[in-house]
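So this block is target_32.cif, mmCIF, C-alpha atoms and all ligand atoms:
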data_run
loop_
_atom_site.label_atom_id
_atom_site.label_comp_id
_atom_site.auth_asym_id
_atom_site.auth_seq_id
_atom_site.Cartn_x
_atom_site.Cartn_y
_atom_site.Cartn_z
CA MET A 1 -28.22 81.72 70.65
CA LYS A 2 -25.19 83.09 68.80
CA LYS A 3 -22.11 83.77 70.93
CA GLN A 4 -22.49 87.28 72.27
CA HIS A 5 -20.07 90.15 71.83
CA ILE A 6 -18.06 91.39 74.80
CA GLN A 7 -20.07 94.64 74.75
CA THR A 8 -23.30 92.71 75.35
CA LEU A 9 -21.78 90.34 77.90
CA ALA A 10 -20.34 93.26 79.87
CA ILE A 11 -23.88 94.53 80.38
CA HIS A 12 -25.89 91.35 80.85
CA ALA A 13 -23.69 88.46 81.98
CA GLY A 14 -24.07 87.44 85.61
CA GLU A 15 -26.81 89.95 86.38
CA LYS A 16 -29.22 88.24 88.76
CA LYS A 17 -32.52 89.91 89.35
CA GLY A 18 -33.93 87.44 91.84
CA LYS A 19 -37.68 87.29 92.37
CA ASN A 20 -38.43 90.97 92.06
CA THR A 21 -38.75 92.98 88.87
CA ASP A 22 -35.68 95.17 89.33
CA ILE A 23 -33.55 95.55 86.24
CA ILE A 24 -30.48 95.98 88.40
CA GLN A 25 -29.47 93.48 91.07
CA PRO A 26 -29.82 94.93 94.58
CA ILE A 27 -26.87 95.05 96.98
CA HIS A 28 -26.96 92.10 99.39
CA LEU A 29 -25.34 93.42 102.54
CA SER A 30 -26.41 90.58 104.82
CA THR A 31 -23.37 88.69 106.12
CA THR A 32 -25.44 85.62 106.96
CA PHE A 33 -28.36 83.77 105.40
CA GLU A 34 -31.22 81.89 107.06
CA ARG A 35 -31.13 78.13 107.23
CA ASN A 36 -33.95 75.70 106.52
CA GLU A 37 -35.95 74.15 109.36
CA ASP A 38 -33.85 71.00 109.24
CA SER A 39 -30.69 73.18 109.40
CA THR A 40 -29.74 72.46 105.80
CA THR A 41 -28.63 75.50 103.86
CA GLY A 42 -29.82 77.19 100.71
CA GLU A 43 -27.59 78.74 98.06
CA TYR A 44 -25.96 81.12 100.55
CA ILE A 45 -24.63 80.56 104.05
CA TYR A 46 -22.14 83.26 105.02
CA THR A 47 -20.94 86.12 102.89
CA ARG A 48 -17.19 85.43 103.07
CA ALA A 49 -17.89 82.10 101.36
CA GLU A 50 -20.55 83.31 98.95
CA ASN A 51 -22.32 86.56 98.28
CA PRO A 52 -24.86 87.16 95.48
CA ASN A 53 -23.14 90.34 94.29
CA ARG A 54 -19.74 88.67 94.23
CA ILE A 55 -21.08 85.71 92.28
CA ALA A 56 -22.69 88.08 89.78
CA VAL A 57 -19.50 90.04 89.19
CA GLU A 58 -17.41 86.88 88.98
CA GLN A 59 -19.75 85.52 86.32
CA LYS A 60 -19.54 88.75 84.40
CA MET A 61 -15.72 88.78 84.47
CA ALA A 62 -15.60 85.10 83.45
CA SER A 63 -17.93 85.82 80.50
CA ILE A 64 -15.87 88.78 79.35
CA GLU A 65 -12.73 86.63 79.44
CA GLY A 66 -14.62 83.73 77.88
CA VAL A 67 -13.64 81.22 80.57
CA LYS A 68 -15.24 79.10 83.28
CA THR A 69 -13.82 80.49 86.49
CA ALA A 70 -13.30 83.95 87.94
CA ILE A 71 -12.25 84.38 91.56
CA ALA A 72 -12.65 87.90 92.91
CA PHE A 73 -10.41 89.41 95.57
CA ALA A 74 -10.33 92.59 97.62
CA SER A 75 -7.40 93.98 95.61
CA GLY A 76 -5.02 93.07 92.81
CA MET A 77 -2.37 92.36 95.43
CA ALA A 78 -4.71 89.94 97.25
CA ALA A 79 -5.18 88.10 93.94
CA ILE A 80 -1.41 87.98 93.40
CA ASN A 81 -0.87 86.75 96.95
CA ALA A 82 -3.48 84.00 96.47
CA LEU A 83 -1.63 82.84 93.35
CA PHE A 84 1.77 82.86 95.07
CA ASP A 85 0.42 81.10 98.14
CA THR A 86 -1.16 78.30 96.11
CA LEU A 87 1.37 77.92 93.28
CA LEU A 88 4.69 78.38 95.10
CA GLU A 89 6.29 76.08 97.66
CA PRO A 90 9.28 76.37 100.02
CA ASN A 91 12.69 76.49 98.29
CA CYS A 92 11.25 76.97 94.83
CA HIS A 93 12.33 79.42 92.16
CA ILE A 94 10.15 81.92 90.31
CA LEU A 95 10.92 84.08 87.28
CA ILE A 96 9.45 87.57 87.20
CA PRO A 97 9.94 90.39 84.67
CA ASP A 98 12.74 92.89 85.32
CA ASP A 99 10.10 95.57 84.79
CA CYS A 100 7.63 93.96 87.16
CA TYR A 101 4.82 95.80 88.98
CA HIS A 102 6.67 96.92 92.12
CA GLY A 103 4.08 95.42 94.48
CA THR A 104 4.53 91.95 93.00
CA ARG A 105 8.28 92.16 93.42
CA GLN A 106 7.99 93.51 96.97
CA LEU A 107 5.50 90.86 98.04
CA LEU A 108 8.02 88.17 97.05
CA ASP A 109 10.89 90.02 98.73
CA ASN A 110 9.06 90.73 101.95
CA PHE A 111 6.95 87.65 102.56
CA PHE A 112 8.13 84.72 100.46
CA LYS A 113 11.80 84.96 101.47
CA ARG A 114 10.80 83.13 104.66
CA TRP A 115 9.92 80.14 102.46
CA ASN A 116 13.28 80.58 100.80
CA VAL A 117 11.52 81.31 97.51
CA GLN A 118 14.14 82.57 95.09
CA SER A 119 12.63 85.20 92.83
CA GLU A 120 14.71 86.17 89.86
CA MET A 121 14.12 89.14 87.58
CA VAL A 122 14.60 88.54 83.88
CA ASP A 123 14.34 90.72 80.81
CA MET A 124 11.35 88.99 79.26
CA THR A 125 11.41 90.84 75.95
CA ASN A 126 13.29 87.85 74.59
CA VAL A 127 12.15 84.34 75.46
CA THR A 128 15.67 82.89 75.32
CA ASN A 129 16.50 84.98 78.40
CA ILE A 130 13.73 83.12 80.21
CA GLU A 131 14.78 79.73 78.91
CA LYS A 132 18.35 80.27 80.13
CA ARG A 133 17.18 81.00 83.68
CA ILE A 134 14.82 78.06 84.18
CA GLN A 135 16.10 75.89 87.04
CA PRO A 136 15.07 72.39 88.17
CA ASN A 137 13.09 74.03 91.01
CA THR A 138 11.41 76.71 88.86
CA LYS A 139 7.71 76.52 89.70
CA LEU A 140 6.36 79.59 88.03
CA ILE A 141 6.96 82.01 85.17
CA TRP A 142 5.16 85.25 85.92
CA ILE A 143 4.73 87.55 82.95
CA GLU A 144 3.37 91.06 82.61
CA THR A 145 2.86 92.34 79.09
CA PRO A 146 2.78 95.26 78.49
CA SER A 147 4.82 95.75 81.65
CA ASN A 148 4.54 98.48 84.23
CA PRO A 149 5.88 101.11 83.64
CA GLN A 150 8.17 100.54 80.64
CA LEU A 151 5.55 98.86 78.45
CA LYS A 152 7.90 96.01 77.61
CA ILE A 153 6.34 93.25 75.54
CA THR A 154 6.72 89.53 76.16
CA ASP A 155 5.86 87.02 73.44
CA ILE A 156 3.07 85.11 75.18
CA GLU A 157 2.95 82.27 72.66
CA ALA A 158 6.69 81.66 72.99
CA VAL A 159 6.50 81.66 76.81
CA VAL A 160 3.60 79.20 76.74
CA SER A 161 5.44 76.76 74.51
CA LEU A 162 8.61 77.02 76.61
CA ALA A 163 6.67 76.52 79.85
CA LYS A 164 4.84 73.48 78.46
CA LYS A 165 8.14 71.93 77.43
CA LYS A 166 9.60 72.52 80.90
CA ALA A 167 6.38 71.75 82.82
CA VAL A 168 6.36 75.13 84.55
CA VAL A 169 3.15 76.96 85.48
CA THR A 170 2.50 80.35 83.85
CA VAL A 171 0.65 83.39 85.15
CA CYS A 172 0.03 86.62 83.27
CA ASP A 173 -0.68 89.91 84.99
CA ASN A 174 -2.84 91.25 82.16
CA THR A 175 -3.94 94.44 83.92
CA PHE A 176 -2.62 96.78 81.20
CA ALA A 177 -3.95 94.94 78.14
CA THR A 178 -7.26 93.70 79.62
CA PRO A 179 -9.21 90.87 77.92
CA ILE A 180 -10.29 93.32 75.23
CA LEU A 181 -6.80 93.39 73.77
CA GLN A 182 -5.39 90.10 74.91
CA LYS A 183 -7.00 86.77 75.84
CA THR A 184 -3.96 85.16 77.38
CA LEU A 185 -5.72 81.98 78.54
CA GLU A 186 -6.68 81.25 74.93
CA ILE A 187 -2.99 81.40 74.05
CA GLY A 188 -2.30 78.83 76.77
CA ILE A 189 -1.39 80.79 79.92
CA ASP A 190 -2.55 78.84 83.02
CA TYR A 191 -3.84 81.72 85.16
CA VAL A 192 -4.50 85.32 84.33
CA MET A 193 -4.93 88.03 86.95
CA TYR A 194 -6.10 91.63 86.85
CA SER A 195 -6.10 94.49 89.24
CA SER A 196 -9.78 95.36 88.73
CA THR A 197 -8.96 98.61 90.53
CA LYS A 198 -7.77 99.81 87.13
CA PHE A 199 -9.65 99.49 83.81
CA PHE A 200 -12.46 97.22 85.05
CA SER A 201 -13.40 99.79 87.68
CA GLY A 202 -12.46 102.68 85.43
CA HIS A 203 -13.54 105.40 87.85
CA SER A 204 -10.80 105.23 90.49
CA ASP A 205 -13.29 104.31 93.19
CA ILE A 206 -13.06 100.53 93.69
CA LEU A 207 -10.18 98.37 94.86
CA GLY A 208 -10.28 94.82 93.52
CA GLY A 209 -8.51 91.92 91.91
CA VAL A 210 -9.45 88.78 90.04
CA VAL A 211 -7.91 85.47 89.01
CA LEU A 212 -9.31 83.69 85.98
CA THR A 213 -8.67 80.24 84.60
CA ASN A 214 -10.09 77.48 82.46
CA LYS A 215 -8.55 74.82 84.65
CA GLU A 216 -10.72 72.78 86.97
CA ASP A 217 -8.00 70.92 88.78
CA GLU A 218 -6.96 70.75 92.43
CA VAL A 219 -4.81 73.88 92.23
CA SER A 220 -7.54 76.08 90.81
CA GLN A 221 -9.91 74.69 93.43
CA SER A 222 -7.39 75.63 96.09
CA ILE A 223 -7.31 79.24 94.80
CA ARG A 224 -11.08 79.28 95.27
CA ASN A 225 -10.68 77.87 98.77
CA TYR A 226 -7.95 80.38 99.50
CA GLN A 227 -10.35 83.18 98.59
CA LYS A 228 -12.96 81.92 101.05
CA MET A 229 -10.59 80.95 103.87
CA ALA A 230 -7.97 83.69 103.74
CA GLY A 231 -10.91 86.03 103.34
CA ALA A 232 -9.51 88.87 101.23
CA VAL A 233 -12.90 89.20 99.54
CA PRO A 234 -14.41 92.35 98.02
CA SER A 235 -17.38 93.86 99.82
CA PRO A 236 -20.90 93.51 98.37
CA PHE A 237 -20.90 97.23 97.59
CA ASP A 238 -17.57 97.01 95.74
CA CYS A 239 -18.89 94.01 93.77
CA TRP A 240 -22.06 95.89 92.91
CA LEU A 241 -20.09 98.96 91.81
CA LEU A 242 -17.70 96.81 89.78
CA ASN A 243 -20.63 95.13 88.07
CA ARG A 244 -21.93 98.54 87.11
CA SER A 245 -18.52 99.73 85.96
CA LEU A 246 -17.96 96.67 83.79
CA ALA A 247 -21.05 97.52 81.75
CA THR A 248 -19.21 100.46 80.20
CA PHE A 249 -15.73 98.96 80.29
CA PRO A 250 -15.52 97.93 76.59
CA LEU A 251 -16.61 101.40 75.43
CA ARG A 252 -14.46 103.30 77.90
CA PHE A 253 -11.41 101.23 77.14
CA LYS A 254 -11.82 101.62 73.39
CA ALA A 255 -11.95 105.41 73.77
CA GLN A 256 -8.93 105.34 76.09
CA CYS A 257 -6.88 103.30 73.60
CA GLU A 258 -7.79 105.68 70.77
CA ASN A 259 -6.83 108.74 72.79
CA ALA A 260 -3.56 107.08 73.84
CA THR A 261 -2.62 106.26 70.24
CA THR A 262 -3.10 109.88 69.21
CA ILE A 263 -1.13 111.14 72.22
CA ALA A 264 1.75 108.69 71.69
CA HIS A 265 2.10 109.91 68.10
CA TYR A 266 2.00 113.51 69.28
CA LEU A 267 4.62 112.99 71.99
CA ILE A 268 7.09 111.13 69.80
CA THR A 269 7.57 114.17 67.59
CA HIS A 270 7.97 116.59 70.51
CA SER A 271 11.41 118.18 70.98
CA LYS A 272 11.23 118.10 74.82
CA ILE A 273 10.67 114.35 74.90
CA GLU A 274 13.62 111.97 74.85
CA LYS A 275 11.69 108.73 74.45
CA VAL A 276 8.14 107.40 74.25
CA PHE A 277 7.29 103.89 75.42
CA TYR A 278 4.10 102.72 73.73
CA PRO A 279 3.67 99.30 72.07
CA GLY A 280 1.54 100.80 69.30
CA LEU A 281 4.45 102.83 67.93
CA THR A 282 6.49 101.23 65.15
CA SER A 283 9.56 102.50 67.01
CA HIS A 284 8.75 100.24 70.01
CA GLU A 285 11.36 97.49 70.12
CA ASN A 286 8.76 94.71 70.21
CA HIS A 287 6.06 96.36 68.13
CA GLU A 288 5.81 93.32 65.85
CA ILE A 289 5.10 90.97 68.76
CA ALA A 290 2.65 93.47 70.23
CA LYS A 291 0.85 93.61 66.89
CA LYS A 292 0.70 89.81 66.76
CA GLN A 293 -0.81 89.32 70.22
CA MET A 294 -2.77 92.51 70.95
CA LYS A 295 -6.05 93.00 69.14
CA ASN A 296 -8.09 96.21 68.88
CA GLY A 297 -5.43 98.53 70.26
CA PHE A 298 -2.36 98.86 72.44
CA GLY A 299 -3.74 100.12 75.72
CA SER A 300 -3.99 103.51 77.37
CA ILE A 301 -0.70 103.64 79.26
CA ILE A 302 2.22 105.58 77.84
CA SER A 303 5.53 106.20 79.54
CA ILE A 304 7.90 108.95 78.48
CA LEU A 305 11.37 110.15 79.26
CA VAL A 306 11.32 113.89 79.58
CA LYS A 307 14.58 115.46 78.36
CA GLY A 308 16.68 116.35 81.39
CA ASN A 309 16.69 115.22 85.00
CA GLN A 310 14.09 114.47 87.67
CA GLU A 311 13.51 118.17 88.25
CA LYS A 312 12.58 118.72 84.60
CA ALA A 313 10.26 115.73 84.71
CA LEU A 314 8.53 117.02 87.83
CA GLN A 315 8.21 120.51 86.34
CA PHE A 316 6.26 118.93 83.50
CA THR A 317 3.89 117.05 85.83
CA SER A 318 3.22 120.09 87.98
CA LYS A 319 2.34 122.27 84.99
CA LEU A 320 -0.34 119.88 83.76
CA GLN A 321 -3.88 120.96 84.54
CA ILE A 322 -6.26 118.35 83.17
CA PHE A 323 -3.91 115.46 83.92
CA LYS A 324 -3.84 114.95 87.69
CA HIS A 325 -0.60 114.00 89.38
CA ALA A 326 -1.43 110.75 91.16
CA THR A 327 -0.57 107.09 91.13
CA SER A 328 -2.83 104.38 89.67
CA LEU A 329 -4.30 104.14 86.20
CA GLY A 330 -7.20 103.03 84.07
CA GLY A 331 -9.79 105.61 85.11
CA VAL A 332 -11.83 107.88 82.87
CA GLU A 333 -9.67 110.76 84.08
CA SER A 334 -6.13 111.15 82.79
CA LEU A 335 -3.37 110.76 85.36
CA VAL A 336 0.32 111.40 85.31
CA GLU A 337 2.92 110.01 87.64
CA HIS A 338 6.62 110.20 88.39
CA ARG A 339 7.11 106.48 88.70
CA ARG A 340 10.41 106.45 90.57
CA SER A 341 8.87 108.34 93.51
CA VAL A 342 6.24 105.66 94.13
CA GLU A 343 8.36 102.56 93.70
CA GLY A 344 9.50 102.47 97.33
CA ILE A 345 12.76 100.75 98.21
CA ASN A 346 15.03 99.83 95.29
CA PRO A 347 13.20 101.83 92.62
CA ILE A 348 13.94 100.71 89.06
CA SER A 349 12.50 103.46 86.88
CA PRO A 350 14.75 106.18 85.39
CA GLU A 351 14.52 109.53 87.19
CA ASN A 352 13.02 111.29 84.16
CA LEU A 353 10.36 108.66 83.48
CA ILE A 354 6.76 109.83 83.62
CA ARG A 355 3.86 107.44 83.21
CA LEU A 356 0.65 108.69 81.67
CA SER A 357 -2.71 106.97 82.06
CA ILE A 358 -4.94 108.31 79.33
CA GLY A 359 -8.60 108.85 80.13
CA ILE A 360 -11.59 109.67 77.97
CA GLU A 361 -11.48 113.47 78.04
CA TYR A 362 -11.75 115.15 74.64
CA ILE A 363 -8.51 114.46 72.78
CA GLU A 364 -7.79 118.06 71.75
CA ASP A 365 -8.07 119.22 75.36
CA LEU A 366 -5.56 116.60 76.45
CA ILE A 367 -3.10 117.52 73.71
CA ALA A 368 -3.45 121.22 74.55
CA ASP A 369 -2.69 120.44 78.20
CA LEU A 370 0.44 118.47 77.28
CA GLU A 371 1.48 121.19 74.87
CA GLN A 372 1.34 123.97 77.47
CA ALA A 373 3.11 121.83 80.12
CA LEU A 374 5.97 121.06 77.73
CA MET A 375 6.52 124.71 76.78
C1 LIG B 1 -2.22 98.18 90.33
C2 LIG B 1 -1.58 96.96 89.82
C3 LIG B 1 -1.48 95.81 90.62
C4 LIG B 1 -1.96 95.77 92.05
O1 LIG B 1 -3.33 95.91 92.18
P1 LIG B 1 -4.07 96.61 93.45
O2 LIG B 1 -5.50 96.56 93.05
O3 LIG B 1 -3.50 97.98 93.59
O4 LIG B 1 -3.77 95.76 94.63
C5 LIG B 1 -0.89 94.69 90.06
N1 LIG B 1 -0.40 94.70 88.79
C6 LIG B 1 -0.48 95.79 88.01
C7 LIG B 1 0.07 95.73 86.62
C8 LIG B 1 -1.07 96.95 88.49
O5 LIG B 1 -1.12 98.04 87.71
#

Write the structure described by the file as structure tokens, please.
Amino acid sequence: MKKQHIQTLAIHAGEKKGKNTDIIQPIHLSTTFERNEDSTTGEYIYTRAENPNRIAVEQKMASIEGVKTAIAFASGMAAINALFDTLLEPNCHILIPDDCYHGTRQLLDNFFKRWNVQSEMVDMTNVTNIEKRIQPNTKLIWIETPSNPQLKITDIEAVVSLAKKKAVVTVCDNTFATPILQKTLEIGIDYVMYSSTKFFSGHSDILGGVVLTNKEDEVSQSIRNYQKMAGAVPSPFDCWLLNRSLATFPLRFKAQCENATTIAHYLITHSKIEKVFYPGLTSHENHEIAKKQMKNGFGSIISILVKGNQEKALQFTSKLQIFKHATSLGGVESLVEHRRSVEGINPISPENLIRLSIGIEYIEDLIADLEQALM
């Protein structure tokens, strides 16, 4: 059969009906599975190691990405931790973006310092900055493009060719772009990870993470083993829900990107806004690179600098009615957040930066809400 479109795969890939005639796979809550008379085992033994719902959702995510392996975790952070634990070693050096997801940065600072892992933040909008900082003990280049929350763009192709030359492993946190916009493994990234809590879930009701790769070597096998042994696995119910959510992910995400494009163009002309960060705008400093590597859109996250100080920025968020003031992103409902308040110790965002996660509400209602809050 002809290679299927992502929209078809998102509905059908991985769905296992079993022996009954259900169209939808049931939830397998059993933690343990019966052995044969001679004590040999069937397909399933114990749910931490393998669960039918988890296998189904892993197969669906692998199909959407167009790769062999997907390894599901209980959260994006658990996926990140699995990558660090398997790819890093004591006394090594890792490069992370200066505008890195705060949890990634804090995980390194809090737990990998004991291994004397030196994590260094670099402005990754220019690959020569990365090249200059590569050390003999650099094990990993971690990229995030677009980054959170400043939507900085890193040239993936350039990073891949640099990393190959220097024999350094690459990981991309592709949560913001999703495989719909950016297939980073096709470009040559070694491992891609997503917080499936965000766009894959899309309804702000599942926590999850996933690591995907085309590699079948010892390291990727050890990430699989890490999942089973360290045990940060998603529950059968979360896997079932995620499977259901993924069916509508391509359509939801397309609508979110379209709404975001319209809103970014609206905000950039507004007199109360100092700056709009959105890779789809020609004014974005790396718009050309974004255009080269992002297909079908530029995502649904927009950050803005509201003219004035923190107080002005918070006045704006509190006046919004449709947009809810909460952290997280990627859901069908639009959210707004004062990023600096949630970044914990050593926040990096400017005090007047507000991040918007655009949902799929009717566009004119969203614009009207922004309009009244900016009055
Ligand atoms: C939310 C997020 C994470 C962490 O994922 P959780 O599911 O919250 O653990 C990592 N990276 C990015 C870019 C995120 O937005």

Mind working out the centre and edge lengths of an axis-aligned box for ligand LIG 1 (chain B), all listed atoms inside, 4 Å added to each side, rounded to one decimal in Å and written as AutoDock Vina command-line options?
--center_x -2.7 --center_y 96.4 --center_z 90.6 --size_x 13.6 --size_y 11.5 --size_z 16.0

Taking all atoms listed in the file into account, which residues have an atom no farther than 6 Å from ligand LIG 1 (chain B)? I'd like them as a compact mmCIF listing (two decimals) with C-alpha atoms, keeping the file's coordinate frame.
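So part-v8.txt came out as:
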# COMPACT_ATOMS: atom_id res chain seq x y z
CA SER A 75 -7.40 93.98 95.61
CA GLY A 76 -5.02 93.07 92.81
CA MET A 77 -2.37 92.36 95.43
CA TYR A 101 4.82 95.80 88.98
CA ASN A 148 4.54 98.48 84.23
CA THR A 175 -3.94 94.44 83.92
CA SER A 195 -6.10 94.49 89.24
CA THR A 197 -8.96 98.61 90.53
CA LEU A 207 -10.18 98.37 94.86
CA GLY A 208 -10.28 94.82 93.52
CA GLY A 209 -8.51 91.92 91.91

Residue neighbourhood Ala313 in chain A, 10 Å, all atoms listed in the file, exclusion window fewer than 5 positions, as a short mmCIF file (atom, residue, chain, number, x, y, z; two decimals) with C-alpha atoms, in the coordinates of the input:
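Wrote it out as result-v4.cif, contents follow:
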data_model
loop_
_atom_site.label_atom_id
_atom_site.label_comp_id
_atom_site.auth_asym_id
_atom_site.auth_seq_id
_atom_site.Cartn_x
_atom_site.Cartn_y
_atom_site.Cartn_z
CA ILE A 273 10.67 114.35 74.90
CA ILE A 304 7.90 108.95 78.48
CA LEU A 305 11.37 110.15 79.26
CA VAL A 306 11.32 113.89 79.58
CA LYS A 307 14.58 115.46 78.36
CA GLY A 308 16.68 116.35 81.39
CA SER A 318 3.22 120.09 87.98
CA GLU A 337 2.92 110.01 87.64
CA HIS A 338 6.62 110.20 88.39
CA GLU A 351 14.52 109.53 87.19
CA ASN A 352 13.02 111.29 84.16
CA LEU A 353 10.36 108.66 83.48
CA ILE A 354 6.76 109.83 83.62
CA LEU A 374 5.97 121.06 77.73
#

Spatial sel., origin (13.7, 94.5, 88.9), limit 12 Å, only C-alpha atoms, listed as a ChimeraX atom specification: /A:95-106,108-109,119-124,147-150,343,345-349

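Picture a line from CA of Asp173 in chain A to CA of Thr8 in chain A; it runs 24.7 Å.
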
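Distance annotation: of A:Ile141, A:Leu281, A:Ala62, A:Ile24, the residue with the minimal separation from Asn214 in chain A is A:Ala62; atom set is only C-alpha atoms.
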
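Pairwise distance (CA of Thr317 in chain A, CA of His203 in chain A) equals 21.1 Å.
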
CA of Arg340 in chain A and CA of Ser328 in chain A are how many Å apart? 13.4 Å

I want to know what sits within 9 Å of Glu361 in chain A, based on all atoms listed in the file, with residues of the same chain fewer than 2 positions away left out; could you give that as a ChimeraX atom specification? /A:256,259,322,332-334,358-359,363-366

Pick out the closest residue to Ala177 in chain A from this set: A:Leu356, A:Met294, A:Leu267, A:Leu162. Count all atoms listed in the file. A:Met294

If you keep C-alpha atoms, can you output range 44-90 of chain A as an mmCIF file, in the first residue's frame?
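File decode_35.cif, as written:
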data_model
loop_
_atom_site.group_PDB
_atom_site.id
_atom_site.type_symbol
_atom_site.label_atom_id
_atom_site.label_comp_id
_atom_site.auth_asym_id
_atom_site.auth_seq_id
_atom_site.Cartn_x
_atom_site.Cartn_y
_atom_site.Cartn_z
ATOM 1 C CA TYR A 44 3.068 -9.800 28.177
ATOM 2 C CA ILE A 45 4.519 -10.531 31.600
ATOM 3 C CA TYR A 46 4.308 -7.483 33.854
ATOM 4 C CA THR A 47 2.985 -4.070 32.961
ATOM 5 C CA ARG A 48 6.069 -2.014 33.851
ATOM 6 C CA ALA A 49 7.939 -3.964 31.163
ATOM 7 C CA GLU A 50 5.143 -4.131 28.616
ATOM 8 C CA ASN A 51 1.545 -3.049 28.461
ATOM 9 C CA PRO A 52 -0.737 -3.381 25.411
ATOM 10 C CA ASN A 53 -1.902 0.241 25.599
ATOM 11 C CA ARG A 54 1.644 1.533 25.912
ATOM 12 C CA ILE A 55 2.804 -0.533 22.951
ATOM 13 C CA ALA A 56 -0.116 0.775 20.896
ATOM 14 C CA VAL A 57 0.639 4.414 21.663
ATOM 15 C CA GLU A 58 4.366 3.922 21.100
ATOM 16 C CA GLN A 59 3.641 2.436 17.680
ATOM 17 C CA LYS A 60 1.371 5.329 16.838
ATOM 18 C CA MET A 61 3.979 7.931 17.841
ATOM 19 C CA ALA A 62 6.697 6.064 15.900
ATOM 20 C CA SER A 63 4.467 6.006 12.798
ATOM 21 C CA ILE A 64 3.697 9.704 13.046
ATOM 22 C CA GLU A 65 7.414 10.466 13.298
ATOM 23 C CA GLY A 66 8.158 7.913 10.588
ATOM 24 C CA VAL A 67 10.755 6.019 12.626
ATOM 25 C CA LYS A 68 11.286 2.590 14.176
ATOM 26 C CA THR A 69 11.372 3.266 17.883
ATOM 27 C CA ALA A 70 9.268 5.268 20.315
ATOM 28 C CA ILE A 71 9.814 4.923 24.056
ATOM 29 C CA ALA A 72 7.038 6.380 26.188
ATOM 30 C CA PHE A 73 7.575 7.890 29.623
ATOM 31 C CA ALA A 74 5.404 9.192 32.429
ATOM 32 C CA SER A 75 6.340 12.814 31.658
ATOM 33 C CA GLY A 76 8.537 14.896 29.387
ATOM 34 C CA MET A 77 10.966 15.295 32.270
ATOM 35 C CA ALA A 78 11.184 11.504 32.722
ATOM 36 C CA ALA A 79 12.073 11.238 29.017
ATOM 37 C CA ILE A 80 14.729 13.938 29.404
ATOM 38 C CA ASN A 81 16.122 12.224 32.489
ATOM 39 C CA ALA A 82 16.303 8.885 30.651
ATOM 40 C CA LEU A 83 18.306 10.562 27.876
ATOM 41 C CA PHE A 84 20.685 12.266 30.305
ATOM 42 C CA ASP A 85 21.150 9.104 32.344
ATOM 43 C CA THR A 86 22.020 7.006 29.302
ATOM 44 C CA LEU A 87 23.931 9.536 27.178
ATOM 45 C CA LEU A 88 25.949 11.424 29.802
ATOM 46 C CA GLU A 89 28.808 10.136 31.939
ATOM 47 C CA PRO A 90 30.737 11.492 34.932
#
